[in-house]
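J.: Hey, dropping run-v6.cif in here, mmCIF, C-alpha atoms and all ligand atoms:
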```cif
data_query
loop_
_atom_site.label_atom_id
_atom_site.label_comp_id
_atom_site.auth_asym_id
_atom_site.auth_seq_id
_atom_site.Cartn_x
_atom_site.Cartn_y
_atom_site.Cartn_z
CA MET A 1 -2.19 -34.20 29.00
CA SER A 2 -1.76 -35.52 32.53
CA VAL A 3 -3.86 -34.62 35.56
CA LEU A 4 -0.69 -33.13 37.07
CA ASP A 5 -0.27 -30.79 34.06
CA GLU A 6 -3.88 -29.64 34.38
CA LEU A 7 -3.54 -29.12 38.11
CA ILE A 8 -0.36 -27.06 37.70
CA ALA A 9 -1.92 -24.93 34.94
CA PHE A 10 -5.13 -24.41 36.88
CA SER A 11 -3.33 -23.24 40.01
CA LEU A 12 -0.78 -21.00 38.23
CA PRO A 13 -2.96 -17.87 38.08
CA ALA A 14 -3.21 -18.06 41.89
CA VAL A 15 0.58 -18.23 42.22
CA PRO A 16 2.30 -14.91 43.11
CA LYS A 17 3.65 -12.98 40.10
CA ALA A 18 7.21 -13.25 41.44
CA LEU A 19 6.97 -17.04 41.33
CA VAL A 20 5.46 -17.08 37.82
CA ARG A 21 8.46 -14.92 36.84
CA VAL A 22 10.73 -17.74 38.08
CA PHE A 23 8.85 -20.20 35.82
CA ALA A 24 8.83 -17.82 32.85
CA ARG A 25 12.43 -16.57 33.13
CA PRO A 26 14.23 -19.37 31.24
CA TYR A 27 11.87 -18.97 28.28
CA ILE A 28 11.83 -15.17 27.94
CA ALA A 29 14.75 -12.78 27.30
CA GLY A 30 13.36 -10.13 29.65
CA GLU A 31 11.16 -7.06 29.53
CA THR A 32 13.25 -4.71 27.41
CA LEU A 33 14.87 -4.56 23.98
CA ASP A 34 18.27 -4.38 25.72
CA ASP A 35 17.53 -7.76 27.35
CA GLN A 36 16.58 -9.13 23.95
CA ILE A 37 19.73 -7.86 22.24
CA ARG A 38 21.90 -9.36 25.00
CA VAL A 39 20.29 -12.80 24.54
CA ILE A 40 20.54 -12.67 20.72
CA ARG A 41 24.22 -11.73 21.00
CA GLU A 42 24.87 -14.77 23.23
CA LEU A 43 22.98 -17.07 20.86
CA ASN A 44 24.84 -15.77 17.80
CA ARG A 45 28.16 -16.18 19.63
CA ASP A 46 27.19 -19.84 20.27
CA GLY A 47 26.47 -20.42 16.57
CA PHE A 48 22.66 -20.04 16.59
CA MET A 49 20.46 -17.64 14.63
CA ALA A 50 17.60 -15.95 16.47
CA ALA A 51 13.99 -14.89 15.92
CA THR A 52 12.71 -11.91 17.88
CA GLY A 53 9.11 -11.95 19.09
CA LEU A 54 7.41 -9.24 21.10
CA LEU A 55 4.98 -10.72 23.62
CA GLY A 56 1.34 -9.84 23.05
CA GLU A 57 -1.74 -11.19 21.29
CA PHE A 58 -5.46 -10.63 20.74
CA VAL A 59 -5.30 -6.89 21.37
CA THR A 60 -8.54 -4.99 21.85
CA ARG A 61 -7.30 -1.46 21.00
CA ARG A 62 -5.59 -0.22 17.81
CA GLU A 63 -3.04 1.71 19.89
CA GLU A 64 -1.68 -1.58 21.26
CA SER A 65 -0.93 -2.76 17.71
CA GLU A 66 0.61 0.59 16.77
CA GLU A 67 2.87 0.42 19.83
CA ALA A 68 3.90 -3.10 18.83
CA VAL A 69 4.80 -1.93 15.29
CA GLY A 70 6.94 0.87 16.78
CA GLU A 71 8.70 -1.56 19.11
CA TYR A 72 9.35 -4.07 16.31
CA GLU A 73 10.83 -1.26 14.19
CA LYS A 74 13.18 -0.38 17.04
CA ALA A 75 14.11 -4.05 17.34
CA LEU A 76 14.93 -4.25 13.61
CA ASP A 77 17.03 -1.08 13.91
CA ALA A 78 18.91 -2.44 16.95
CA ILE A 79 19.52 -5.84 15.32
CA ASP A 80 20.98 -4.15 12.26
CA GLU A 81 23.04 -1.67 14.25
CA ALA A 82 24.57 -4.44 16.38
CA LYS A 83 25.06 -6.61 13.24
CA LEU A 84 23.17 -9.49 14.82
CA ASP A 85 21.54 -12.45 13.09
CA SER A 86 17.87 -12.32 14.04
CA ASN A 87 14.69 -11.96 12.07
CA ILE A 88 11.32 -11.11 13.64
CA HIS A 89 8.07 -13.01 14.01
CA VAL A 90 4.72 -11.40 14.75
CA LYS A 91 1.38 -12.65 16.01
CA PRO A 92 -1.28 -11.32 13.61
CA THR A 93 -3.74 -10.76 16.48
CA HIS A 94 -1.08 -8.59 18.18
CA LEU A 95 -1.06 -6.43 15.06
CA GLY A 96 -4.85 -6.14 14.95
CA LEU A 97 -6.08 -9.12 12.87
CA THR A 98 -9.23 -9.57 14.97
CA LEU A 99 -9.93 -5.80 15.02
CA ASP A 100 -9.71 -5.04 11.29
CA GLU A 101 -7.92 -7.14 8.66
CA ASP A 102 -6.90 -4.13 6.53
CA PHE A 103 -5.45 -2.40 9.59
CA CYS A 104 -3.45 -5.55 10.38
CA TYR A 105 -2.27 -5.78 6.75
CA ASP A 106 -1.02 -2.17 6.87
CA ASN A 107 0.85 -2.90 10.11
CA VAL A 108 2.57 -6.01 8.81
CA ARG A 109 3.23 -4.35 5.46
CA SER A 110 5.08 -1.48 7.13
CA LEU A 111 7.16 -3.98 9.13
CA ALA A 112 7.94 -5.99 6.01
CA GLU A 113 9.08 -2.76 4.31
CA HIS A 114 11.20 -1.77 7.30
CA ALA A 115 12.75 -5.26 7.42
CA ARG A 116 13.39 -5.31 3.66
CA GLY A 117 15.46 -2.14 4.03
CA TYR A 118 17.84 -4.15 6.21
CA GLY A 119 17.65 -7.37 4.17
CA ASN A 120 15.70 -8.85 7.07
CA PHE A 121 12.61 -11.06 7.29
CA VAL A 122 9.17 -11.14 8.97
CA ARG A 123 7.29 -14.33 9.82
CA LEU A 124 3.58 -14.42 10.63
CA ASP A 125 3.02 -16.80 13.54
CA MET A 126 -0.05 -19.04 13.37
CA GLU A 127 -2.57 -18.73 16.18
CA ASP A 128 -5.78 -20.60 16.99
CA SER A 129 -8.03 -22.10 14.32
CA PRO A 130 -10.54 -19.21 13.93
CA THR A 131 -7.64 -17.01 12.74
CA ILE A 132 -6.06 -19.40 10.20
CA ASP A 133 -7.95 -18.30 7.07
CA ALA A 134 -7.36 -14.60 7.77
CA THR A 135 -3.67 -15.22 8.52
CA LEU A 136 -3.14 -17.14 5.26
CA ASP A 137 -5.02 -14.43 3.33
CA LEU A 138 -2.73 -11.87 4.94
CA TYR A 139 0.31 -13.91 3.95
CA PHE A 140 -0.74 -14.28 0.29
CA ARG A 141 -1.61 -10.57 0.11
CA LEU A 142 1.83 -9.66 1.41
CA ARG A 143 3.53 -12.04 -1.02
CA GLU A 144 2.21 -9.94 -3.91
CA HIS A 145 4.72 -7.27 -2.83
CA PHE A 146 7.30 -8.96 -0.60
CA ASP A 147 9.64 -11.96 -0.69
CA ASN A 148 10.87 -11.41 2.87
CA VAL A 149 7.74 -12.79 4.57
CA GLY A 150 6.90 -16.27 5.79
CA CYS A 151 4.12 -18.10 7.56
CA VAL A 152 3.49 -21.10 9.82
CA ILE A 153 1.67 -24.40 9.42
CA GLN A 154 0.47 -26.51 12.35
CA ALA A 155 0.69 -30.30 11.88
CA ARG A 156 -2.11 -30.73 14.42
CA MET A 157 -4.70 -29.23 12.05
CA ARG A 158 -6.63 -31.53 9.70
CA ARG A 159 -6.72 -28.80 7.03
CA SER A 160 -2.93 -28.39 6.92
CA LEU A 161 -2.24 -30.75 3.99
CA GLY A 162 -4.43 -28.56 1.76
CA ASP A 163 -2.79 -25.40 3.08
CA VAL A 164 0.68 -26.88 2.56
CA ARG A 165 -0.09 -27.74 -1.07
CA ARG A 166 -1.28 -24.19 -1.70
CA LEU A 167 1.83 -22.77 -0.02
CA ALA A 168 4.11 -25.23 -1.85
CA SER A 169 2.88 -24.00 -5.21
CA ALA A 170 3.78 -20.45 -4.11
CA LYS A 171 7.26 -21.66 -2.96
CA ALA A 172 6.48 -20.21 0.45
CA ASN A 173 8.92 -19.93 3.34
CA VAL A 174 7.10 -22.01 5.96
CA ARG A 175 7.73 -22.75 9.61
CA LEU A 176 6.30 -26.17 10.39
CA CYS A 177 5.30 -26.89 14.00
CA LYS A 178 2.92 -29.24 15.80
CA GLY A 179 0.62 -26.41 16.94
CA VAL A 180 0.36 -25.15 20.49
CA TYR A 181 -3.39 -24.47 20.68
CA ILE A 182 -5.76 -27.14 21.94
CA GLU A 183 -8.34 -27.48 19.16
CA PRO A 184 -11.62 -29.43 18.82
CA ARG A 185 -11.38 -32.92 17.33
CA ASP A 186 -13.34 -32.08 14.19
CA ARG A 187 -10.62 -29.57 13.24
CA ALA A 188 -7.49 -31.11 14.69
CA TYR A 189 -5.84 -34.45 15.29
CA THR A 190 -5.76 -35.13 18.99
CA ASP A 191 -3.67 -38.32 18.96
CA PRO A 192 0.02 -37.30 19.37
CA ARG A 193 1.11 -40.19 17.12
CA ILE A 194 -1.02 -38.89 14.24
CA ILE A 195 0.25 -35.33 14.80
CA ARG A 196 3.82 -36.64 14.48
CA GLU A 197 3.04 -38.70 11.35
CA ASN A 198 1.28 -35.70 9.83
CA TYR A 199 4.29 -33.49 10.63
CA VAL A 200 6.56 -35.84 8.65
CA TRP A 201 4.08 -35.96 5.74
CA LEU A 202 3.79 -32.15 5.58
CA LEU A 203 7.54 -31.70 5.92
CA GLU A 204 8.18 -34.07 3.03
CA GLU A 205 5.60 -32.26 0.84
CA LEU A 206 7.22 -28.88 1.56
CA LEU A 207 10.83 -29.99 1.12
CA ARG A 208 10.12 -31.93 -2.08
CA ALA A 209 8.38 -28.82 -3.48
CA GLY A 210 11.57 -26.81 -2.87
CA CYS A 211 10.17 -24.65 -0.08
CA TYR A 212 12.49 -23.21 2.56
CA VAL A 213 11.25 -24.82 5.79
CA GLY A 214 11.78 -23.75 9.39
CA ILE A 215 11.62 -27.18 11.06
CA ALA A 216 10.30 -26.09 14.46
CA THR A 217 10.33 -28.92 16.97
CA HIS A 218 12.07 -30.24 20.08
CA ASP A 219 10.81 -33.76 19.39
CA GLU A 220 13.91 -35.81 18.67
CA LEU A 221 12.05 -38.34 16.52
CA LEU A 222 10.94 -35.49 14.24
CA VAL A 223 14.47 -34.08 14.20
CA TRP A 224 15.60 -37.55 13.11
CA HIS A 225 12.96 -37.76 10.35
CA ALA A 226 13.89 -34.27 9.16
CA SER A 227 17.59 -35.21 9.07
CA ARG A 228 16.72 -38.34 7.08
CA LEU A 229 14.67 -36.35 4.53
CA ILE A 230 17.37 -33.68 4.23
CA ASP A 231 19.89 -36.41 3.48
CA GLU A 232 17.62 -38.24 1.01
CA LEU A 233 16.87 -35.03 -0.88
CA GLY A 234 20.52 -33.92 -0.81
CA LEU A 235 19.62 -30.52 0.67
CA LYS A 236 22.36 -28.04 1.59
CA PRO A 237 22.26 -26.28 5.00
CA HIS A 238 21.13 -22.96 3.47
CA GLN A 239 17.98 -24.62 2.05
CA TYR A 240 16.24 -25.15 5.41
CA GLU A 241 16.70 -24.44 9.13
CA PHE A 242 15.76 -26.06 12.42
CA GLN A 243 14.00 -23.88 14.97
CA MET A 244 13.58 -24.22 18.74
CA LEU A 245 12.27 -22.09 21.59
CA HIS A 246 14.56 -20.22 23.98
CA GLY A 247 15.18 -22.24 27.13
CA VAL A 248 13.89 -25.54 25.72
CA GLU A 249 15.98 -28.66 24.96
CA ARG A 250 19.35 -26.89 24.95
CA GLU A 251 21.22 -30.17 24.60
CA LEU A 252 19.27 -31.23 21.48
CA ARG A 253 19.84 -27.75 20.08
CA ARG A 254 23.62 -28.24 20.35
CA VAL A 255 23.38 -31.75 18.86
CA VAL A 256 21.56 -30.34 15.80
CA ARG A 257 24.09 -27.49 15.42
CA ASP A 258 27.07 -29.84 15.78
CA ALA A 259 25.62 -32.08 13.04
CA GLY A 260 26.10 -29.14 10.65
CA HIS A 261 22.52 -27.85 10.46
CA ARG A 262 21.53 -24.21 10.97
CA LEU A 263 19.28 -23.62 13.96
CA ARG A 264 17.25 -20.54 14.88
CA VAL A 265 16.15 -19.92 18.46
CA ALA A 266 12.89 -18.02 18.93
CA VAL A 267 13.25 -15.58 21.80
CA PRO A 268 10.24 -13.68 23.16
CA TYR A 269 10.54 -10.50 25.18
CA GLY A 270 8.43 -7.63 26.41
CA PRO A 271 6.58 -6.20 29.38
CA SER A 272 3.52 -8.41 28.73
CA TRP A 273 5.32 -11.55 29.86
CA TYR A 274 2.97 -12.17 32.82
CA PRO A 275 -0.48 -12.21 31.15
CA TYR A 276 1.08 -13.99 28.17
CA SER A 277 2.64 -16.73 30.33
CA VAL A 278 -0.53 -17.34 32.33
CA ARG A 279 -2.77 -17.37 29.24
CA ARG A 280 -0.43 -19.71 27.40
CA LEU A 281 -0.20 -22.07 30.36
CA ARG A 282 -3.97 -22.15 30.73
CA LYS A 283 -4.50 -22.73 27.00
CA ASN A 284 -2.11 -25.66 26.90
CA PRO A 285 -1.52 -27.13 30.35
CA ALA A 286 1.10 -29.58 28.97
CA ILE A 287 3.49 -26.60 28.83
CA ALA A 288 3.12 -26.12 32.59
CA GLY A 289 4.14 -29.75 33.01
CA TYR A 290 7.25 -29.24 30.83
CA VAL A 291 8.27 -26.23 32.87
CA VAL A 292 7.99 -27.98 36.21
CA LYS A 293 9.70 -31.13 34.91
CA ALA A 294 12.55 -29.01 33.50
CA MET A 295 13.01 -27.35 36.91
CA PHE A 296 13.59 -30.74 38.55
CA LYS A 297 15.91 -32.06 35.83
C1 LIG B 301 10.47 -21.78 16.90
C2 LIG B 301 9.07 -22.21 17.22
C3 LIG B 301 8.00 -21.45 16.81
C4 LIG B 301 6.70 -21.83 17.07
N1 LIG B 301 5.65 -21.14 16.55
C5 LIG B 301 4.40 -21.57 16.71
C6 LIG B 301 3.28 -20.95 16.06
O1 LIG B 301 3.45 -19.97 15.32
N2 LIG B 301 2.06 -21.45 16.29
C7 LIG B 301 1.82 -22.55 17.08
O2 LIG B 301 0.68 -22.98 17.22
N3 LIG B 301 2.86 -23.15 17.72
C8 LIG B 301 4.12 -22.71 17.55
N4 LIG B 301 5.16 -23.35 18.17
C9 LIG B 301 4.89 -24.36 19.21
C10 LIG B 301 4.74 -25.75 18.62
O3 LIG B 301 3.56 -25.80 17.87
C11 LIG B 301 4.70 -26.83 19.73
O4 LIG B 301 3.65 -26.56 20.61
C12 LIG B 301 5.96 -26.93 20.54
O5 LIG B 301 7.10 -26.76 19.76
C13 LIG B 301 6.03 -28.32 21.19
O6 LIG B 301 6.05 -29.31 20.19
P1 LIG B 301 7.35 -30.18 19.86
O7 LIG B 301 7.36 -30.44 18.40
O8 LIG B 301 8.55 -29.54 20.43
O9 LIG B 301 7.03 -31.60 20.52
P2 LIG B 301 6.62 -31.99 21.99
O10 LIG B 301 6.46 -33.47 21.95
O11 LIG B 301 5.48 -31.18 22.47
O12 LIG B 301 7.89 -31.60 22.83
C14 LIG B 301 9.09 -32.36 22.80
C15 LIG B 301 9.85 -32.06 24.08
O13 LIG B 301 10.27 -30.69 24.07
C16 LIG B 301 10.11 -30.07 25.33
N5 LIG B 301 9.21 -28.92 25.18
C17 LIG B 301 8.42 -28.65 24.12
N6 LIG B 301 7.79 -27.47 24.27
C18 LIG B 301 8.18 -26.98 25.47
C19 LIG B 301 7.88 -25.79 26.21
N7 LIG B 301 7.05 -24.84 25.73
N8 LIG B 301 8.49 -25.62 27.40
C20 LIG B 301 9.35 -26.53 27.89
N9 LIG B 301 9.66 -27.67 27.25
C21 LIG B 301 9.08 -27.91 26.05
C22 LIG B 301 9.60 -31.15 26.26
O14 LIG B 301 10.70 -31.73 26.91
C23 LIG B 301 8.97 -32.14 25.34
O15 LIG B 301 9.00 -33.45 25.86
C24 LIG B 301 6.47 -23.00 17.86
C25 LIG B 301 7.54 -23.78 18.28
C26 LIG B 301 8.83 -23.41 17.96
C27 LIG B 301 9.96 -24.30 18.38
#
```
Would you give me this structure, written as structure tokens?
Ligand SMILES: Cc1cc2nc3c(=O)[nH]c(=O)nc-3n(C[C@H](O)[C@H](O)[C@H](O)COP(=O)(O)OP(=O)(O)OC[C@H]3O[C@@H](n4cnc5c(N)ncnc54)[C@H](O)[C@@H]3O)c2cc1C

T.:
Amino acid sequence: MSVLDELIAFSLPAVPKALVRVFARPYIAGETLDDQIRVIRELNRDGFMAATGLLGEFVTRREESEEAVGEYEKALDAIDEAKLDSNIHVKPTHLGLTLDEDFCYDNVRSLAEHARGYGNFVRLDMEDSPTIDATLDLYFRLREHFDNVGCVIQARMRRSLGDVRRLASAKANVRLCKGVYIEPRDRAYTDPRIIRENYVWLLEELLRAGCYVGIATHDELLVWHASRLIDELGLKPHQYEFQMLHGVERELRRVVRDAGHRLRVAVPYGPSWYPYSVRRLRKNPAIAGYVVKAMFK
């Protein structure tokens, strides 16, 4: 992480909201479900699948989680009504994980039920390291009743090989990413080269075990390794998918699609875009650097 990244991230909270909106705009569909549906429609038209995420995390009141469940249900209804190709992904702490694990389970369970009625799918995002055990417990609890749920593994975490082996034996649907949260060295690899190598190791474990993997990365070397493994294992396009974030590496996204792979674009929306953007930028200043560099490209 460069000094420039840190400086940009540090000064962002002092920047007027209107300017932060300019930074955030390419990465967020907008504030409303209508904005979200418009962006999904464009993505589908261009040959990409989508993943809908409502912005929000680490809520402190149960009502905030209940509102999020209601909004996600409306999103699932709208996606089905418009015959769009988008699943949903939820942050467990948005649905109350740090308030009460049973409350969070009930919230995700009702979304999984709602989604199942439409043949749709719910993925549990992975957040910072203190929430990993509870999130995996939530996932395995849900799997006792649902097949239309998935989870996320972060290649940055030292524990992930063990988690992957446990998930592989359950034939889990796993999104594999590097991990966006800056974690202490005793829990996470901090050298980007090791994080990359670990990503490839975990990906190979999951694919060889027959898991459906959401290969979530904009790192072209990892896209190359994934393509190599897919070829070596003779996988068909319906057995995995690539995933990228809205507004990031659009050219690489098209390259992956044109090579015959399926690619899902994760699109966040919601009125909480401002606190979310600032918190995210402060938590991982490298993102601020990406944003500014992208503006000058
Ligand atoms: C679909 C999806 C879902 C994710 N879900 C989770 C999750 O549940 N939990 C979690 O911890 N992390 C999640 N992440 C974030 C992930 O962990 C990484 O932080 C992020 O993808 C950057 O890693 P990278 O593999 O793209 O490689 P990097 O080396 O970090 O990035 C490669 C290049 O992509 C561009 N880039 C990457 N990220 C951004 C950005 N945010 N803005 C602008 N440009 C960017 C830059 O040009 C960069 O040089 C998700 C990522 C994706 C794509």

J.: For ligand LIG 301 (chain B), I'd like the enclosing box, axis-aligned and padded by 4 Å on every side, reported as JSON with centre and edge lengths in Å to one decimal.

T.:
```
{"center_x": 5.7, "center_y": -26.7, "center_z": 21.6, "size_x": 18.0, "size_y": 21.5, "size_z": 20.6}
```

J.: Using all atoms listed in the file, find each residue with an atom at most 7 Å away from ligand LIG 301 (chain B) and format the answer as a list of chain:residue names.

T.: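 Residues lying within 7 Å of ligand LIG 301 (chain B): A:Asp125, A:Met126, A:Glu127, A:Asp128, A:Val152, A:Gln154, A:Cys177, A:Lys178, A:Gly179, A:Val180, A:Tyr181, A:Ala216, A:Thr217, A:His218, A:Asp219, A:Gln243, A:Met244, A:Leu245, A:Val248, A:Glu249, A:Val265, A:Ala266, A:Ile287, A:Tyr290, A:Val291, A:Ala294.
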
J.: Would you export the selected residues with C-alpha atoms as an mmCIF file, in the frame of the given file, please?

T.:
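In the end it all went to again22.cif:
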```cif
data_model
loop_
_atom_site.group_PDB
_atom_site.id
_atom_site.type_symbol
_atom_site.label_atom_id
_atom_site.label_comp_id
_atom_site.auth_asym_id
_atom_site.auth_seq_id
_atom_site.Cartn_x
_atom_site.Cartn_y
_atom_site.Cartn_z
ATOM 1 C CA ASP A 125 3.020 -16.800 13.540
ATOM 2 C CA MET A 126 -0.050 -19.040 13.370
ATOM 3 C CA GLU A 127 -2.570 -18.730 16.180
ATOM 4 C CA ASP A 128 -5.780 -20.600 16.990
ATOM 5 C CA VAL A 152 3.490 -21.100 9.820
ATOM 6 C CA GLN A 154 0.470 -26.510 12.350
ATOM 7 C CA CYS A 177 5.300 -26.890 14.000
ATOM 8 C CA LYS A 178 2.920 -29.240 15.800
ATOM 9 C CA GLY A 179 0.620 -26.410 16.940
ATOM 10 C CA VAL A 180 0.360 -25.150 20.490
ATOM 11 C CA TYR A 181 -3.390 -24.470 20.680
ATOM 12 C CA ALA A 216 10.300 -26.090 14.460
ATOM 13 C CA THR A 217 10.330 -28.920 16.970
ATOM 14 C CA HIS A 218 12.070 -30.240 20.080
ATOM 15 C CA ASP A 219 10.810 -33.760 19.390
ATOM 16 C CA GLN A 243 14.000 -23.880 14.970
ATOM 17 C CA MET A 244 13.580 -24.220 18.740
ATOM 18 C CA LEU A 245 12.270 -22.090 21.590
ATOM 19 C CA VAL A 248 13.890 -25.540 25.720
ATOM 20 C CA GLU A 249 15.980 -28.660 24.960
ATOM 21 C CA VAL A 265 16.150 -19.920 18.460
ATOM 22 C CA ALA A 266 12.890 -18.020 18.930
ATOM 23 C CA ILE A 287 3.490 -26.600 28.830
ATOM 24 C CA TYR A 290 7.250 -29.240 30.830
ATOM 25 C CA VAL A 291 8.270 -26.230 32.870
ATOM 26 C CA ALA A 294 12.550 -29.010 33.500
#
```

J.: Quick check, in Å to one decimal: how far apart do atom CA of A:Ile194 and atom CA of A:Glu220 lie?

T.: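 Result for atom CA of A:Ile194 versus atom CA of A:Glu220: 15.9 Å, one decimal.
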
J.: Neighbours of stretch 195-211 of chain A within 8 Å (only C-alpha atoms; same-chain residues fewer than 3 positions away dropped), as a list in words?

T.: Ala155, Arg156, Ser160, Leu161, Val164, Arg165, Ala168, Ser169, Lys171, Ala172, Asn173, Val174, Leu176, Cys177, Lys178, Tyr189, Thr190, Asp191, Pro192, Ile215, Leu222, His225, Ala226, Leu229 and Leu233 of chain A

J.: Quote the spacing between atom CA of A:Tyr139 and atom CA of A:Val69 in Å to one decimal place.

T.: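 That distance, rounded to one decimal, is 17.1 Å.
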
J.: Quick check, in Å to one decimal: how far apart do atom CA of A:Arg25 and atom CA of A:Arg250 lie?

T.: 14.9 Å

J.: At a cut-off of 12 Å, using all atoms listed in the file, what residues contact A:Glu81? Leave out same-chain residues fewer than 6 positions from it and give the result as a list in words.

T.: Ile37, Lys74, Ala75 and Tyr118 of chain A

J.: Please identify all polymer residues within 6 Å of stretch 48-60 of chain A, counting only C-alpha atoms, omitting same-chain residues fewer than 4 positions from it, and present them as a PyMOL selection string.

T.: chain A and resi 43-44+85-89+93-94+263-270+272

J.: Now that the selection is made, can you save its residues with C-alpha atoms as an mmCIF file, in the coordinates of the input?

T.:
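Now in again.cif:
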```
data_model
loop_
_atom_site.group_PDB
_atom_site.id
_atom_site.type_symbol
_atom_site.label_atom_id
_atom_site.label_comp_id
_atom_site.auth_asym_id
_atom_site.auth_seq_id
_atom_site.Cartn_x
_atom_site.Cartn_y
_atom_site.Cartn_z
ATOM 1 C CA LEU A 43 22.980 -17.070 20.860
ATOM 2 C CA ASN A 44 24.840 -15.770 17.800
ATOM 3 C CA ASP A 85 21.540 -12.450 13.090
ATOM 4 C CA SER A 86 17.870 -12.320 14.040
ATOM 5 C CA ASN A 87 14.690 -11.960 12.070
ATOM 6 C CA ILE A 88 11.320 -11.110 13.640
ATOM 7 C CA HIS A 89 8.070 -13.010 14.010
ATOM 8 C CA THR A 93 -3.740 -10.760 16.480
ATOM 9 C CA HIS A 94 -1.080 -8.590 18.180
ATOM 10 C CA LEU A 263 19.280 -23.620 13.960
ATOM 11 C CA ARG A 264 17.250 -20.540 14.880
ATOM 12 C CA VAL A 265 16.150 -19.920 18.460
ATOM 13 C CA ALA A 266 12.890 -18.020 18.930
ATOM 14 C CA VAL A 267 13.250 -15.580 21.800
ATOM 15 C CA PRO A 268 10.240 -13.680 23.160
ATOM 16 C CA TYR A 269 10.540 -10.500 25.180
ATOM 17 C CA GLY A 270 8.430 -7.630 26.410
ATOM 18 C CA SER A 272 3.520 -8.410 28.730
#
```

J.: Identify which of the residues A:Arg141, A:Leu76, A:Val256, A:Leu84 lies closest to A:Glu42, counting only C-alpha atoms when measuring atom-to-atom distances.

T.: A:Leu84

J.: So, with only C-alpha atoms as the atoms that count, which of A:Ser129, A:Gln36, A:Ser277, A:Ser227 lies closest to A:Arg21?

T.: A:Ser277

J.: So, with all atoms listed in the file as the atoms that count, which of A:His238, A:Arg166, A:His246, A:Arg158 lies closest to A:Glu183?

T.: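 Distance minimum relative to A:Glu183 lands on A:Arg158.
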
J.: Nearest residue to A:Val213 out of A:Val255, A:Ala188, A:Lys236, A:Arg175, using all atoms listed in the file?

T.: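 Of A:Val255, A:Ala188, A:Lys236, A:Arg175, the one nearest A:Val213, counting all atoms listed in the file, is A:Arg175.
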